[in-house]
>>> print(open('model-v2.csv').read())   # CSV, C-alpha atoms and all ligand atoms
chain,number,residue,atom,x,y,z
Y,26,MET,CA,-61.2,188.0,-37.5
Y,27,SER,CA,-64.9,188.4,-37.1
Y,28,ALA,CA,-66.8,187.0,-40.0
Y,29,SER,CA,-69.2,188.8,-42.2
Y,30,ILE,CA,-72.5,186.9,-42.3
Y,31,ILE,CA,-73.5,185.8,-45.8
Y,32,ASP,CA,-77.2,186.7,-46.3
Y,33,GLY,CA,-78.7,183.8,-48.2
Y,34,LYS,CA,-82.2,185.2,-47.9
Y,35,ALA,CA,-81.2,188.5,-49.6
Y,36,ALA,CA,-79.2,186.7,-52.3
Y,37,ALA,CA,-82.1,184.3,-53.0
Y,38,GLN,CA,-84.6,187.3,-53.1
Y,39,ALA,CA,-82.3,189.1,-55.6
Y,40,LEU,CA,-82.1,185.9,-57.8
Y,41,ARG,CA,-85.9,185.4,-57.7
Y,42,ASP,CA,-86.4,189.1,-58.6
Y,43,ARG,CA,-84.2,188.7,-61.7
Y,44,LEU,CA,-86.1,185.5,-62.6
Y,45,ALA,CA,-89.5,187.1,-62.2
Y,46,ILE,CA,-88.4,189.8,-64.7
Y,47,GLU,CA,-87.1,187.2,-67.1
Y,48,VAL,CA,-90.4,185.2,-66.8
Y,49,SER,CA,-92.6,188.3,-67.5
Y,50,ARG,CA,-90.4,189.2,-70.5
Y,51,ILE,CA,-90.8,185.6,-71.9
Y,52,ASP,CA,-94.6,185.8,-71.3
Y,53,ALA,CA,-94.9,189.2,-73.0
Y,54,GLU,CA,-92.7,188.3,-76.0
Y,55,HIS,CA,-93.6,184.6,-76.5
Y,56,SER,CA,-96.9,184.0,-74.6
Y,57,TRP,CA,-95.7,181.1,-72.5
Y,58,VAL,CA,-94.4,180.8,-68.9
Y,59,PRO,CA,-92.1,178.1,-67.5
Y,60,GLY,CA,-93.8,175.3,-65.6
Y,61,LEU,CA,-92.4,173.2,-62.7
Y,62,ALA,CA,-94.0,170.0,-61.5
Y,63,VAL,CA,-93.2,168.8,-58.0
Y,64,VAL,CA,-94.0,165.3,-56.9
Y,65,LEU,CA,-94.3,164.3,-53.2
Y,66,VAL,CA,-94.9,160.7,-52.2
Y,67,GLY,CA,-96.0,160.2,-48.5
Y,68,GLU,CA,-96.4,162.5,-45.6
Y,69,ASP,CA,-92.8,163.3,-44.4
Y,70,PRO,CA,-93.4,166.7,-42.5
Y,71,ALA,CA,-90.1,168.3,-43.6
Y,72,SER,CA,-90.7,167.3,-47.3
Y,73,GLN,CA,-94.2,168.8,-47.0
Y,74,VAL,CA,-92.8,172.1,-45.9
Y,75,TYR,CA,-90.2,172.1,-48.7
Y,76,VAL,CA,-92.8,171.3,-51.3
Y,77,ARG,CA,-95.2,174.0,-50.1
Y,78,ASN,CA,-92.4,176.6,-50.3
Y,79,LYS,CA,-91.4,175.5,-53.7
Y,80,GLY,CA,-94.9,175.8,-55.0
Y,81,LYS,CA,-95.4,179.2,-53.4
Y,82,GLN,CA,-92.1,180.7,-54.8
Y,83,THR,CA,-92.7,179.2,-58.2
Y,84,ALA,CA,-96.1,181.0,-58.4
Y,85,GLU,CA,-94.6,184.2,-57.0
Y,86,ALA,CA,-92.0,184.2,-59.8
Y,87,GLY,CA,-94.9,184.2,-62.3
Y,88,MET,CA,-94.3,180.5,-63.3
Y,89,ARG,CA,-96.8,177.7,-63.4
Y,90,SER,CA,-96.6,175.2,-60.4
Y,91,PHE,CA,-98.0,171.7,-60.7
Y,92,GLU,CA,-98.1,169.8,-57.4
Y,93,HIS,CA,-98.7,166.0,-57.3
Y,94,LYS,CA,-99.2,164.7,-53.8
Y,95,LEU,CA,-99.4,160.9,-53.7
Y,96,PRO,CA,-100.0,158.5,-50.8
Y,97,ALA,CA,-97.1,156.6,-49.2
Y,98,SER,CA,-98.7,153.4,-50.6
Y,99,THR,CA,-98.2,154.5,-54.2
Y,100,SER,CA,-96.5,151.8,-56.2
Y,101,GLU,CA,-93.3,152.2,-58.1
Y,102,ARG,CA,-95.1,151.6,-61.4
Y,103,GLU,CA,-97.7,154.4,-60.6
Y,104,LEU,CA,-95.0,156.9,-59.8
Y,105,LEU,CA,-93.0,156.0,-63.0
Y,106,ASP,CA,-96.3,156.4,-65.0
Y,107,LEU,CA,-96.8,159.9,-63.5
Y,108,VAL,CA,-93.2,160.8,-64.3
Y,109,GLU,CA,-93.6,159.6,-67.9
Y,110,SER,CA,-96.8,161.6,-68.3
Y,111,LEU,CA,-95.0,164.7,-67.0
Y,112,ASN,CA,-92.2,164.0,-69.5
Y,113,ARG,CA,-94.8,164.2,-72.3
Y,114,ASP,CA,-96.5,167.3,-71.0
Y,115,ASP,CA,-95.4,170.4,-72.9
Y,116,ALA,CA,-96.6,172.8,-70.1
Y,117,VAL,CA,-94.1,171.1,-67.7
Y,118,ASN,CA,-90.5,172.2,-68.2
Y,119,GLY,CA,-89.1,171.0,-65.0
Y,120,ILE,CA,-89.8,167.9,-62.9
Y,121,LEU,CA,-88.7,167.4,-59.3
Y,122,VAL,CA,-89.5,164.2,-57.3
Y,123,GLN,CA,-89.0,165.0,-53.7
Y,124,LEU,CA,-86.6,162.7,-51.9
Y,125,PRO,CA,-86.5,160.6,-49.8
Y,126,LEU,CA,-89.0,158.2,-51.4
Y,127,PRO,CA,-90.7,155.3,-49.5
Y,128,GLU,CA,-88.4,152.3,-49.3
Y,129,HIS,CA,-90.5,150.1,-51.7
Y,130,ILE,CA,-89.6,152.6,-54.5
Y,131,ASP,CA,-86.3,152.5,-56.3
Y,132,ALA,CA,-85.3,156.2,-56.2
Y,133,GLN,CA,-82.5,155.8,-58.8
Y,134,LEU,CA,-84.9,154.2,-61.3
Y,135,VAL,CA,-87.3,157.1,-60.8
Y,136,ILE,CA,-84.5,159.7,-61.3
Y,137,GLU,CA,-83.4,157.9,-64.5
Y,138,THR,CA,-87.0,158.0,-65.8
Y,139,ILE,CA,-87.1,161.8,-65.7
Y,140,ASP,CA,-86.4,163.4,-69.1
Y,141,PRO,CA,-82.8,164.7,-68.6
Y,142,ALA,CA,-83.9,168.0,-70.3
Y,143,LYS,CA,-86.5,168.5,-67.5
Y,144,ASP,CA,-84.3,167.2,-64.7
Y,145,VAL,CA,-84.1,170.5,-62.7
Y,146,ASP,CA,-82.6,168.6,-59.7
Y,147,GLY,CA,-79.6,167.7,-61.9
Y,148,PHE,CA,-79.7,164.1,-60.5
Y,149,HIS,CA,-80.1,162.2,-63.8
Y,150,PRO,CA,-76.8,160.4,-64.9
Y,151,MET,CA,-76.9,162.4,-68.1
Y,152,ASN,CA,-76.6,165.6,-66.1
Y,153,THR,CA,-74.2,164.3,-63.4
Y,154,GLY,CA,-72.0,163.0,-66.3
Y,155,ALA,CA,-72.2,166.3,-68.1
Y,156,LEU,CA,-71.2,168.2,-64.9
Y,157,SER,CA,-68.2,165.9,-64.3
Y,158,ASN,CA,-67.2,166.4,-68.0
Y,159,GLY,CA,-67.1,170.2,-67.3
Y,160,ASP,CA,-70.0,170.6,-69.8
Y,161,PRO,CA,-71.5,174.1,-69.1
Y,162,THR,CA,-74.9,173.0,-70.3
Y,163,ALA,CA,-75.4,170.4,-67.5
Y,164,LEU,CA,-78.4,171.0,-65.2
Y,165,VAL,CA,-76.6,171.3,-61.8
Y,166,PRO,CA,-78.1,170.3,-58.4
Y,167,CYS,CA,-79.6,173.3,-56.7
Y,168,THR,CA,-77.9,173.3,-53.3
Y,169,PRO,CA,-74.3,173.2,-54.6
Y,170,LEU,CA,-75.2,175.7,-57.4
Y,171,GLY,CA,-76.5,178.1,-54.7
Y,172,CYS,CA,-73.3,177.5,-52.6
Y,173,LEU,CA,-71.2,178.4,-55.6
Y,174,MET,CA,-73.2,181.6,-56.4
Y,175,MET,CA,-72.7,182.7,-52.8
Y,176,LEU,CA,-68.9,181.8,-52.9
Y,177,ARG,CA,-68.4,183.8,-56.1
Y,178,GLU,CA,-69.8,186.9,-54.3
Y,179,GLN,CA,-67.2,186.6,-51.6
Y,180,PHE,CA,-64.3,186.5,-54.0
Y,181,PRO,CA,-64.5,189.3,-56.5
Y,182,GLU,CA,-61.0,188.4,-57.6
Y,183,GLY,CA,-62.2,184.8,-58.4
Y,184,ILE,CA,-61.7,181.5,-56.7
Y,185,ALA,CA,-59.3,179.8,-59.1
Y,186,GLY,CA,-56.3,178.2,-57.3
Y,187,LEU,CA,-57.9,178.3,-53.9
Y,188,ASN,CA,-57.9,175.2,-51.6
Y,189,ALA,CA,-61.5,173.9,-51.2
Y,190,VAL,CA,-62.4,171.2,-48.7
Y,191,VAL,CA,-65.9,169.7,-49.1
Y,192,VAL,CA,-66.9,167.7,-46.0
Y,193,GLY,CA,-69.5,165.1,-47.2
Y,194,ARG,CA,-69.7,163.0,-50.4
Y,195,SER,CA,-73.5,162.8,-51.0
Y,196,ASN,CA,-74.8,162.7,-54.6
Y,197,ILE,CA,-77.1,165.6,-53.8
Y,198,VAL,CA,-74.4,168.0,-52.4
Y,199,GLY,CA,-70.9,166.8,-51.7
Y,200,LYS,CA,-70.0,165.2,-55.1
Y,201,PRO,CA,-71.6,167.9,-57.3
Y,202,MET,CA,-70.1,170.7,-55.1
Y,203,ALA,CA,-66.7,169.1,-55.7
Y,204,GLN,CA,-67.3,169.0,-59.4
Y,205,LEU,CA,-68.3,172.6,-59.6
Y,206,LEU,CA,-65.3,173.7,-57.6
Y,207,ILE,CA,-63.0,171.7,-59.9
Y,208,ALA,CA,-64.6,173.4,-62.9
Y,209,GLU,CA,-63.7,176.7,-61.2
Y,210,SER,CA,-60.1,175.6,-60.9
Y,211,CYS,CA,-60.0,175.2,-57.1
Y,212,THR,CA,-57.8,172.5,-55.6
Y,213,VAL,CA,-60.5,170.3,-54.1
Y,214,THR,CA,-60.5,167.6,-51.4
Y,215,VAL,CA,-63.6,165.7,-50.5
Y,216,ALA,CA,-63.6,164.5,-46.9
Y,217,HIS,CA,-66.0,162.0,-45.3
Y,218,SER,CA,-66.4,159.8,-42.2
Y,219,LYS,CA,-63.3,157.8,-42.9
Y,220,THR,CA,-61.0,160.8,-43.5
Y,221,ARG,CA,-58.0,160.9,-41.2
Y,222,ASP,CA,-57.3,164.0,-39.1
Y,223,LEU,CA,-60.3,165.9,-40.5
Y,224,PRO,CA,-59.6,169.1,-38.3
Y,225,ALA,CA,-56.1,169.4,-39.9
Y,226,LEU,CA,-57.4,168.9,-43.4
Y,227,CYS,CA,-60.2,171.5,-42.8
Y,228,ARG,CA,-57.5,174.0,-41.6
Y,229,THR,CA,-56.0,173.9,-45.1
Y,230,ALA,CA,-59.2,175.2,-46.7
Y,231,ASP,CA,-59.7,178.7,-48.1
Y,232,ILE,CA,-63.2,177.5,-48.9
Y,233,LEU,CA,-64.8,175.1,-46.4
Y,234,VAL,CA,-68.1,173.5,-47.4
Y,235,ALA,CA,-69.8,171.4,-44.7
Y,236,ALA,CA,-72.5,169.0,-45.9
Y,237,VAL,CA,-72.5,166.0,-43.5
Y,238,GLY,CA,-75.8,166.3,-41.6
Y,239,ARG,CA,-74.1,166.3,-38.1
Y,240,PRO,CA,-75.0,169.2,-35.8
Y,241,GLU,CA,-72.1,171.5,-35.2
Y,242,MET,CA,-69.4,168.9,-36.1
Y,243,VAL,CA,-67.0,171.5,-37.6
Y,244,ARG,CA,-65.5,173.4,-34.7
Y,245,GLY,CA,-64.0,176.8,-34.7
Y,246,ASP,CA,-60.4,175.6,-34.5
Y,247,TRP,CA,-60.9,173.6,-37.8
Y,248,VAL,CA,-61.3,176.9,-39.6
Y,249,LYS,CA,-58.4,178.7,-41.2
Y,250,GLU,CA,-58.1,182.4,-40.4
Y,251,GLY,CA,-59.8,184.3,-43.3
Y,252,ALA,CA,-61.6,181.2,-44.8
Y,253,VAL,CA,-65.0,181.4,-46.3
Y,254,VAL,CA,-67.3,178.8,-44.6
Y,255,ILE,CA,-70.5,177.5,-46.3
Y,256,ASP,CA,-72.7,175.5,-44.0
Y,257,VAL,CA,-75.2,173.2,-45.8
Y,258,GLY,CA,-76.4,171.4,-42.7
Y,259,ILE,CA,-79.9,171.8,-41.4
Y,260,ASN,CA,-80.2,169.8,-38.2
Y,261,ARG,CA,-83.1,169.9,-35.7
Y,262,VAL,CA,-81.8,169.6,-32.2
Y,263,GLN,CA,-84.0,169.3,-29.1
Y,264,LEU,CA,-82.4,171.0,-26.2
Y,265,GLU,CA,-83.2,169.7,-22.7
Y,266,GLY,CA,-85.8,171.7,-20.9
Y,267,GLN,CA,-86.8,173.6,-24.1
Y,268,GLU,CA,-90.0,172.9,-25.9
Y,269,LYS,CA,-89.0,174.0,-29.3
Y,270,ALA,CA,-86.3,172.3,-31.4
Y,271,ARG,CA,-83.5,174.6,-32.6
Y,272,LEU,CA,-82.1,174.5,-36.1
Y,273,VAL,CA,-78.3,174.3,-36.3
Y,274,GLY,CA,-75.9,173.7,-39.1
Y,275,ASP,CA,-73.0,171.3,-39.5
Y,276,VAL,CA,-70.6,174.1,-38.3
Y,277,ALA,CA,-70.3,175.5,-34.7
Y,278,PHE,CA,-71.3,179.0,-35.9
Y,279,ALA,CA,-70.2,181.3,-33.2
Y,280,GLU,CA,-66.7,179.6,-32.9
Y,281,ALA,CA,-66.2,179.5,-36.7
Y,282,ALA,CA,-67.3,183.1,-37.1
Y,283,GLU,CA,-64.4,184.2,-34.9
Y,284,ARG,CA,-61.9,182.9,-37.5
Y,285,ALA,CA,-63.7,183.0,-40.9
Y,286,LYS,CA,-63.7,185.9,-43.3
Y,287,ALA,CA,-67.4,185.1,-44.1
Y,288,ILE,CA,-69.9,182.4,-43.1
Y,289,THR,CA,-73.4,181.3,-44.0
Y,290,PRO,CA,-75.9,181.2,-41.0
Y,291,VAL,CA,-78.4,178.4,-40.4
Y,292,PRO,CA,-81.2,179.2,-41.1
Y,293,GLY,CA,-81.0,181.9,-43.7
Y,294,GLY,CA,-77.9,180.9,-45.5
Y,295,VAL,CA,-77.8,178.0,-48.1
Y,296,GLY,CA,-81.5,177.0,-47.7
Y,297,PRO,CA,-83.2,179.9,-49.4
Y,298,MET,CA,-80.7,179.8,-52.3
Y,299,THR,CA,-81.6,176.2,-53.0
Y,300,ILE,CA,-85.2,177.0,-54.0
Y,301,ALA,CA,-84.1,180.1,-55.9
Y,302,CYS,CA,-81.7,177.9,-57.9
Y,303,LEU,CA,-84.5,175.4,-58.6
Y,304,LEU,CA,-86.5,178.2,-60.2
Y,305,ARG,CA,-83.4,179.3,-62.1
Y,306,ASN,CA,-82.9,175.7,-63.5
Y,307,THR,CA,-86.6,175.6,-64.5
Y,308,VAL,CA,-86.3,178.9,-66.5
Y,309,VAL,CA,-83.1,177.6,-68.1
Y,310,ALA,CA,-84.7,174.2,-69.0
Y,311,ALA,CA,-87.8,175.9,-70.3
Y,312,CYS,CA,-85.9,178.3,-72.6
Y,313,ARG,CA,-84.0,175.3,-74.1
Y,314,GLN,CA,-87.2,173.4,-74.6
Y,315,HIS,CA,-88.7,176.3,-76.5
Y,316,ARG,CA,-85.7,176.8,-78.8
Z,1,LIG,N1,-84.7,166.3,-50.6
Z,1,LIG,C1,-83.8,167.0,-49.9
Z,1,LIG,N2,-83.1,167.8,-50.8
Z,1,LIG,C2,-83.6,167.6,-52.0
Z,1,LIG,C3,-83.4,168.1,-53.3
Z,1,LIG,O1,-82.5,169.0,-53.6
Z,1,LIG,N3,-84.1,167.6,-54.3
Z,1,LIG,C4,-85.0,166.6,-54.2
Z,1,LIG,N4,-85.7,166.1,-55.2
Z,1,LIG,N5,-85.3,166.1,-53.0
Z,1,LIG,C5,-84.6,166.6,-51.9
>>> encode(input="model-v2.csv", output="C-alpha cells", more="lines below")
Ligand code: GUN
Amino acid sequence: MSASIIDGKAAAQALRDRLAIEVSRIDAEHSWVPGLAVVLVGEDPASQVYVRNKGKQTAEAGMRSFEHKLPASTSERELLDLVESLNRDDAVNGILVQLPLPEHIDAQLVIETIDPAKDVDGFHPMNTGALSNGDPTALVPCTPLGCLMMLREQFPEGIAGLNAVVVGRSNIVGKPMAQLLIAESCTVTVAHSKTRDLPALCRTADILVAAVGRPEMVRGDWVKEGAVVIDVGINRVQLEGQEKARLVGDVAFAEAAERAKAITPVPGGVGPMTIACLLRNTVVAACRQHR
C-alpha cells in the first residue's frame, strides 16, 4: 500500500476559515470578539517562533491577540500576578503560558493558577479531570485535539472499536490523546520507553500515534498494513556536511508510507492543526464566558 498524505496545512486552513466566519458573526451580532493572551517567559528560539505564529493567526481570524513577553529573570510571583490579572480581564477569554518555563518557576503552579474557563491549553487539573471523566465540556489540549480531527477525516465509518497505540505518555500529548481515543471507543494502549517489544505492539495498531520526540524511531516494519499513522514529533536533525538542519518526525516517513493507508508528514501535518485548535478552544471558551 502507498499511503495518502494527510494535509494538515489544508485542514488547519479550513478550520481557521470556519472560525473566522464564526468570529465575524459574533462581532456583528454581539459586538465583541474573542481574545487570546499568550505569555512567553525567556528567549527560547522555538518558543518565540510558536508565539509569533499564534499571535499572527489569532489576528487573522479576527480575534484580539495579547502578547506578554517577559525576561527569563521574571520571578514566579511576577508571572502568577500576570496570570491573575489576565484571569480578571474580561477582554481575555483564553490564556496560554508557553512551555517550557525557566527552571526557577513551578510550571504546574502556574497552570493551576489559570482560570479553568480560560485554560485554552487544557492543562489545568479541572480540564484534565473533565477529559478523563469523558465530560464533553472539557477544554482539550490542542495537539491531541488536532490529531483526533485528522483521524476522524480518515475514517468516515467511525473509529469505534479500532486498536489505537499511542507511543509517548506526556501530559501535553500522550495522555490526553489516549483519553480522547478512549472516549471514541477505541481500544487504547499507551506505550513508552519501558514498553516491551514496541515494534510488535505497534503492528497491532489500526491507529498509530507517535509522540516521543525521537527522530524517526518508528520504523516502516512497525506499521500494520492499512494503518493510519499520526506523527506528532518535530525533531531538528543536523546532517553531516549540510548547513541547514532538517525537520523530521518520530516516524521514518518513507518506510511507513509504504505500509500505511494514510500518514501525516513533518512538517505540514499535526503542527498547523495545533494552532488552529488553539483558536477553536479560544472561541469555545469565549462563547461560554459570554453566556
Ligand atoms: N510548548 C510546546 N507545546 C505547547 C503547548 O501546546 N502549549 C504550551 N503552553 N506550551 C507548549
>>> residues_near_ligand(input="model-v2.csv", ligand="ligand LIG 1 (chain Z)", cutoff="8 Å", atoms="all atoms listed in the file", output="JSON, numbers by chain")
{"Y": [72, 121, 122, 123, 124, 125, 146, 166, 167, 168, 197, 299]}
>>> closest_residue(input="model-v2.csv", among="Y:Glu103, Y:Asp222, Y:Glu209, Y:Glu47", to="Gly159 in chain Y", atoms="only C-alpha atoms")
Y:Glu209
>>> atom_distance(input="model-v2.csv", atom1="CA of Gly60 in chain Y", atom2="CA of Gly87 in chain Y")
9.6 Å
>>> residues_around(input="model-v2.csv", residues="range 174-187 of chain Y", least_positions_apart="5", cutoff="12 Å", atoms="all atoms listed in the file", output="PyMOL selection string")
chain Y and resi 28-37+39-40+167-169+202+205-214+229-234+251-256+285-289+294-299+301-302+305
>>> atom_distance(input="model-v2.csv", atom1="CA of Gly274 in chain Y", atom2="CA of Pro127 in chain Y")
25.8 Å
>>> atom_distance(input="model-v2.csv", atom1="CA of Arg271 in chain Y", atom2="CA of Glu283 in chain Y")
21.5 Å
>>> closest_residue(input="model-v2.csv", among="Y:Gln204, Y:Ala270, Y:Val308, Y:Asp144", to="Asn158 in chain Y", atoms="all atoms listed in the file")
Y:Gln204
>>> closest_residue(input="model-v2.csv", among="Y:Ile130, Y:Val66, Y:Ile259, Y:Val76", to="Ala235 in chain Y", atoms="only C-alpha atoms")
Y:Ile259
>>> residues_around(input="model-v2.csv", residues="Asp275 in chain Y", least_positions_apart="3", cutoff="7 Å", atoms="all atoms listed in the file", output="VMD selection string")
chain Y and resid 235 to 243 256 to 258
>>> decode(input="model-v2.csv", residues="range 108-172 of chain Y", atoms="C-alpha atoms", output="PDB file, in the first residue's frame")
ATOM      1  CA  VAL Y 108      -1.860  35.296  35.164  1.00  0.00           C
ATOM      2  CA  GLU Y 109      -4.192  36.522  37.908  1.00  0.00           C
ATOM      3  CA  SER Y 110      -4.635  39.882  36.165  1.00  0.00           C
ATOM      4  CA  LEU Y 111      -5.430  38.060  32.877  1.00  0.00           C
ATOM      5  CA  ASN Y 112      -7.973  35.920  34.779  1.00  0.00           C
ATOM      6  CA  ARG Y 113      -9.748  39.151  35.815  1.00  0.00           C
ATOM      7  CA  ASP Y 114      -9.565  40.795  32.366  1.00  0.00           C
ATOM      8  CA  ASP Y 115     -12.907  40.412  30.540  1.00  0.00           C
ATOM      9  CA  ALA Y 116     -11.287  41.066  27.138  1.00  0.00           C
ATOM     10  CA  VAL Y 117      -9.123  37.955  27.639  1.00  0.00           C
ATOM     11  CA  ASN Y 118     -11.069  34.733  27.029  1.00  0.00           C
ATOM     12  CA  GLY Y 119      -8.108  32.385  26.653  1.00  0.00           C
ATOM     13  CA  ILE Y 120      -4.722  32.265  28.403  1.00  0.00           C
ATOM     14  CA  LEU Y 121      -1.726  30.297  27.189  1.00  0.00           C
ATOM     15  CA  VAL Y 122       1.580  30.306  29.055  1.00  0.00           C
ATOM     16  CA  GLN Y 123       4.190  28.945  26.663  1.00  0.00           C
ATOM     17  CA  LEU Y 124       6.125  25.942  27.993  1.00  0.00           C
ATOM     18  CA  PRO Y 125       8.822  25.169  28.927  1.00  0.00           C
ATOM     19  CA  LEU Y 126       9.244  27.810  31.638  1.00  0.00           C
ATOM     20  CA  PRO Y 127      12.605  28.695  33.222  1.00  0.00           C
ATOM     21  CA  GLU Y 128      13.606  26.217  35.944  1.00  0.00           C
ATOM     22  CA  HIS Y 129      13.059  28.585  38.870  1.00  0.00           C
ATOM     23  CA  ILE Y 130       9.331  28.730  38.042  1.00  0.00           C
ATOM     24  CA  ASP Y 131       6.957  25.935  39.089  1.00  0.00           C
ATOM     25  CA  ALA Y 132       5.094  25.298  35.815  1.00  0.00           C
ATOM     26  CA  GLN Y 133       2.378  23.213  37.496  1.00  0.00           C
ATOM     27  CA  LEU Y 134       1.617  26.040  39.936  1.00  0.00           C
ATOM     28  CA  VAL Y 135       1.326  28.477  37.025  1.00  0.00           C
ATOM     29  CA  ILE Y 136      -1.029  26.121  35.147  1.00  0.00           C
ATOM     30  CA  GLU Y 137      -3.180  25.692  38.255  1.00  0.00           C
ATOM     31  CA  THR Y 138      -3.415  29.487  38.664  1.00  0.00           C
ATOM     32  CA  ILE Y 139      -5.039  29.920  35.226  1.00  0.00           C
ATOM     33  CA  ASP Y 140      -8.843  30.200  35.440  1.00  0.00           C
ATOM     34  CA  PRO Y 141     -10.004  26.751  34.154  1.00  0.00           C
ATOM     35  CA  ALA Y 142     -12.615  28.520  31.994  1.00  0.00           C
ATOM     36  CA  LYS Y 143      -9.769  30.374  30.187  1.00  0.00           C
ATOM     37  CA  ASP Y 144      -7.389  27.388  30.065  1.00  0.00           C
ATOM     38  CA  VAL Y 145      -7.304  27.002  26.273  1.00  0.00           C
ATOM     39  CA  ASP Y 146      -4.312  24.629  26.579  1.00  0.00           C
ATOM     40  CA  GLY Y 147      -6.493  22.212  28.566  1.00  0.00           C
ATOM     41  CA  PHE Y 148      -3.679  21.618  31.065  1.00  0.00           C
ATOM     42  CA  HIS Y 149      -5.491  22.663  34.291  1.00  0.00           C
ATOM     43  CA  PRO Y 150      -6.427  19.675  36.507  1.00  0.00           C
ATOM     44  CA  MET Y 151     -10.102  20.708  36.221  1.00  0.00           C
ATOM     45  CA  ASN Y 152      -9.867  20.200  32.459  1.00  0.00           C
ATOM     46  CA  THR Y 153      -7.665  17.076  32.502  1.00  0.00           C
ATOM     47  CA  GLY Y 154     -10.070  15.611  35.084  1.00  0.00           C
ATOM     48  CA  ALA Y 155     -13.103  16.517  32.978  1.00  0.00           C
ATOM     49  CA  LEU Y 156     -11.484  14.921  29.915  1.00  0.00           C
ATOM     50  CA  SER Y 157     -10.733  11.699  31.782  1.00  0.00           C
ATOM     51  CA  ASN Y 158     -14.346  11.645  33.046  1.00  0.00           C
ATOM     52  CA  GLY Y 159     -15.489  11.777  29.408  1.00  0.00           C
ATOM     53  CA  ASP Y 160     -17.055  15.200  30.075  1.00  0.00           C
ATOM     54  CA  PRO Y 161     -17.630  16.737  26.610  1.00  0.00           C
ATOM     55  CA  THR Y 162     -17.303  20.287  28.006  1.00  0.00           C
ATOM     56  CA  ALA Y 163     -13.588  19.782  28.894  1.00  0.00           C
ATOM     57  CA  LEU Y 164     -11.165  22.146  27.189  1.00  0.00           C
ATOM     58  CA  VAL Y 165      -8.908  19.625  25.423  1.00  0.00           C
ATOM     59  CA  PRO Y 166      -5.156  20.063  24.743  1.00  0.00           C
ATOM     60  CA  CYS Y 167      -4.693  21.389  21.213  1.00  0.00           C
ATOM     61  CA  THR Y 168      -2.241  18.888  19.733  1.00  0.00           C
ATOM     62  CA  PRO Y 169      -4.246  15.726  20.533  1.00  0.00           C
ATOM     63  CA  LEU Y 170      -7.475  17.514  19.558  1.00  0.00           C
ATOM     64  CA  GLY Y 171      -5.950  18.292  16.141  1.00  0.00           C
ATOM     65  CA  CYS Y 172      -4.808  14.666  15.797  1.00  0.00           C
TER      66      CYS Y 172
END
